[in-house]
Amino acid sequence: MKQIGLFYGTYTGTTGNIAKRIAKELGEDKVAVHNICCEGDKMADYPLLIIGTSTWSVGALQEDWNNFMPKLENMNFEGKIVALFGTGDQVNYPDTFLDGMGMLYETFQFRGAKFVGFWPTKGYDFTSPLPLYNHDNFVGLALDEDNQPELTDQRIKEWCALIRPAFGLE
Ligand SMILES: Cc1cc2nc3c(=O)[nH]c(=O)nc-3n(C[C@H](O)[C@H](O)[C@H](O)COP(=O)(O)O)c2cc1C
């Protein structure tokens, strides 16, 4: 079985597309990609997790993640390493930019996960506090396919290089 489980939630397909690009960058033989809508139960099988979501309805978690939340609240992530990524729109939703990623951070943190892959806020323009780890860093990789798609490839590349050691992929 592959060591790394990548679980994503998507509405229009954007986050699913990003999930595949991250898996390709890290090595498709290492990363198993699962849509949270239907394969969330497999999450317990992996010691290493990559978790991705979009944000909808002005600050709401993507619907399939929302539906999975009751199961998540009964899970224990002690000893598991988690890297987060989020997709959003900082121009139309600056106050709630990537709130979904922030909500997942709180949920996984409360259940013992150890996080890697904090990402600098430089180059983004938003006011939402929820996806922040500290003043200068997001809790995970921040992507804006609506307004900065030309930056996505490079961001994925750098972020994957950042998390590689923690995922045993040096
Ligand atoms: C009605 C609507 C509400 C949205 N609300 C937010 C929001 O509150 N925060 C945010 O960062 N992005 C918001 N977005 C942008 C989406 O999260 C973004 O387009 C994302 O890439 C969609 O990914 P998905 O297709 O994988 O769900 C919203 C988009 C729409 C159309």
# chains A, B, ... in the order shown; residues from 1 in each chain; ligands from 1
>>> residues_around(residues="stretch 5-14 of chain A", least_positions_apart="6", cutoff="8 Å", atoms="only C-alpha atoms", output="list in words")
Ala23, Val31, Ala32, Val33, His34, Asn35, Ile36, Cys37, Gly40, Met43, Tyr46, Leu48, Leu49, Ile50, Ile51, Gly52, Thr53, Ser54, Gln62, Glu63, Asp64, Trp65, Thr87 and Glu145 of chain A
>>> residues_near_ligand(ligand="ligand 1", cutoff="10 Å", atoms="only C-alpha atoms and all ligand atoms", output="PyMOL selection string")
chain A and resi 8-19+52-64+86-101+126+128+131+142-147+149
>>> select_by_dssp(residues="chain A", states="alpha helix (DSSP H)", output="ChimeraX atom specification")
/A:14-26,36-39,63-72,99-110,152-163
>>> residues_around(residues="A:Arg164", least_positions_apart="4", cutoff="10 Å", atoms="only C-alpha atoms", output="list in words")
Leu26, Val116, Gly117, Trp159, Cys160, Gly168, Leu169 and Glu170 of chain A
>>> write_last_selection(atoms="N, CA, C and O atoms", output="JSON list (two decimals), in the first residue's frame")
[["chain", "number", "residue", "atom", "x", "y", "z"],
["A", 26, "LEU", "N", 5.00, 14.76, -6.16],
["A", 26, "LEU", "CA", 5.63, 13.95, -5.10],
["A", 26, "LEU", "C", 5.96, 12.54, -5.59],
["A", 26, "LEU", "O", 6.83, 11.87, -5.01],
["A", 116, "VAL", "N", 2.91, 19.77, 8.95],
["A", 116, "VAL", "CA", 4.07, 20.26, 8.20],
["A", 116, "VAL", "C", 3.53, 21.07, 7.02],
["A", 116, "VAL", "O", 2.35, 20.99, 6.69],
["A", 117, "GLY", "N", 4.42, 21.85, 6.39],
["A", 117, "GLY", "CA", 4.02, 22.56, 5.17],
["A", 117, "GLY", "C", 3.36, 23.90, 5.37],
["A", 117, "GLY", "O", 2.53, 24.31, 4.55],
["A", 159, "TRP", "N", 6.24, 23.87, -2.42],
["A", 159, "TRP", "CA", 5.60, 23.30, -1.23],
["A", 159, "TRP", "C", 5.91, 21.80, -1.12],
["A", 159, "TRP", "O", 6.19, 21.30, -0.02],
["A", 160, "CYS", "N", 5.91, 21.11, -2.24],
["A", 160, "CYS", "CA", 6.24, 19.68, -2.21],
["A", 160, "CYS", "C", 7.68, 19.47, -1.75],
["A", 160, "CYS", "O", 7.96, 18.55, -0.98],
["A", 168, "GLY", "N", 9.32, 11.43, 4.23],
["A", 168, "GLY", "CA", 10.28, 10.37, 3.92],
["A", 168, "GLY", "C", 10.60, 10.28, 2.43],
["A", 168, "GLY", "O", 10.92, 9.20, 1.93],
["A", 169, "LEU", "N", 10.53, 11.38, 1.73],
["A", 169, "LEU", "CA", 10.74, 11.36, 0.27],
["A", 169, "LEU", "C", 12.00, 12.11, -0.15],
["A", 169, "LEU", "O", 12.07, 12.61, -1.27],
["A", 170, "GLU", "N", 12.98, 12.21, 0.73],
["A", 170, "GLU", "CA", 14.18, 12.99, 0.37],
["A", 170, "GLU", "C", 14.89, 12.39, -0.82],
["A", 170, "GLU", "O", 14.89, 11.20, -1.02]]
>>> atom_distance(atom1="atom CA of A:Leu132", atom2="atom CA of A:Lys24")
26.6 Å
>>> closest_residue(among="A:Gly102, A:Gly112, A:Gly79, A:Gly123", to="A:Val139", atoms="only C-alpha atoms")
A:Gly102
>>> residues_around(residues="A:Asn74", least_positions_apart="4", cutoff="10 Å", atoms="only C-alpha atoms", output="number ranges by chain")
A: 69-70, 111
>>> atom_distance(atom1="atom CA of A:Gln154", atom2="atom CA of A:Gln109")
27.5 Å
>>> select_by_dssp(residues="stretch 46-148 of chain A", states="strand (DSSP E or B)", output="PyMOL selection string")
chain A and resi 48-56+60-61+81-87+114-116+119-120+132-134+137-138+141-143
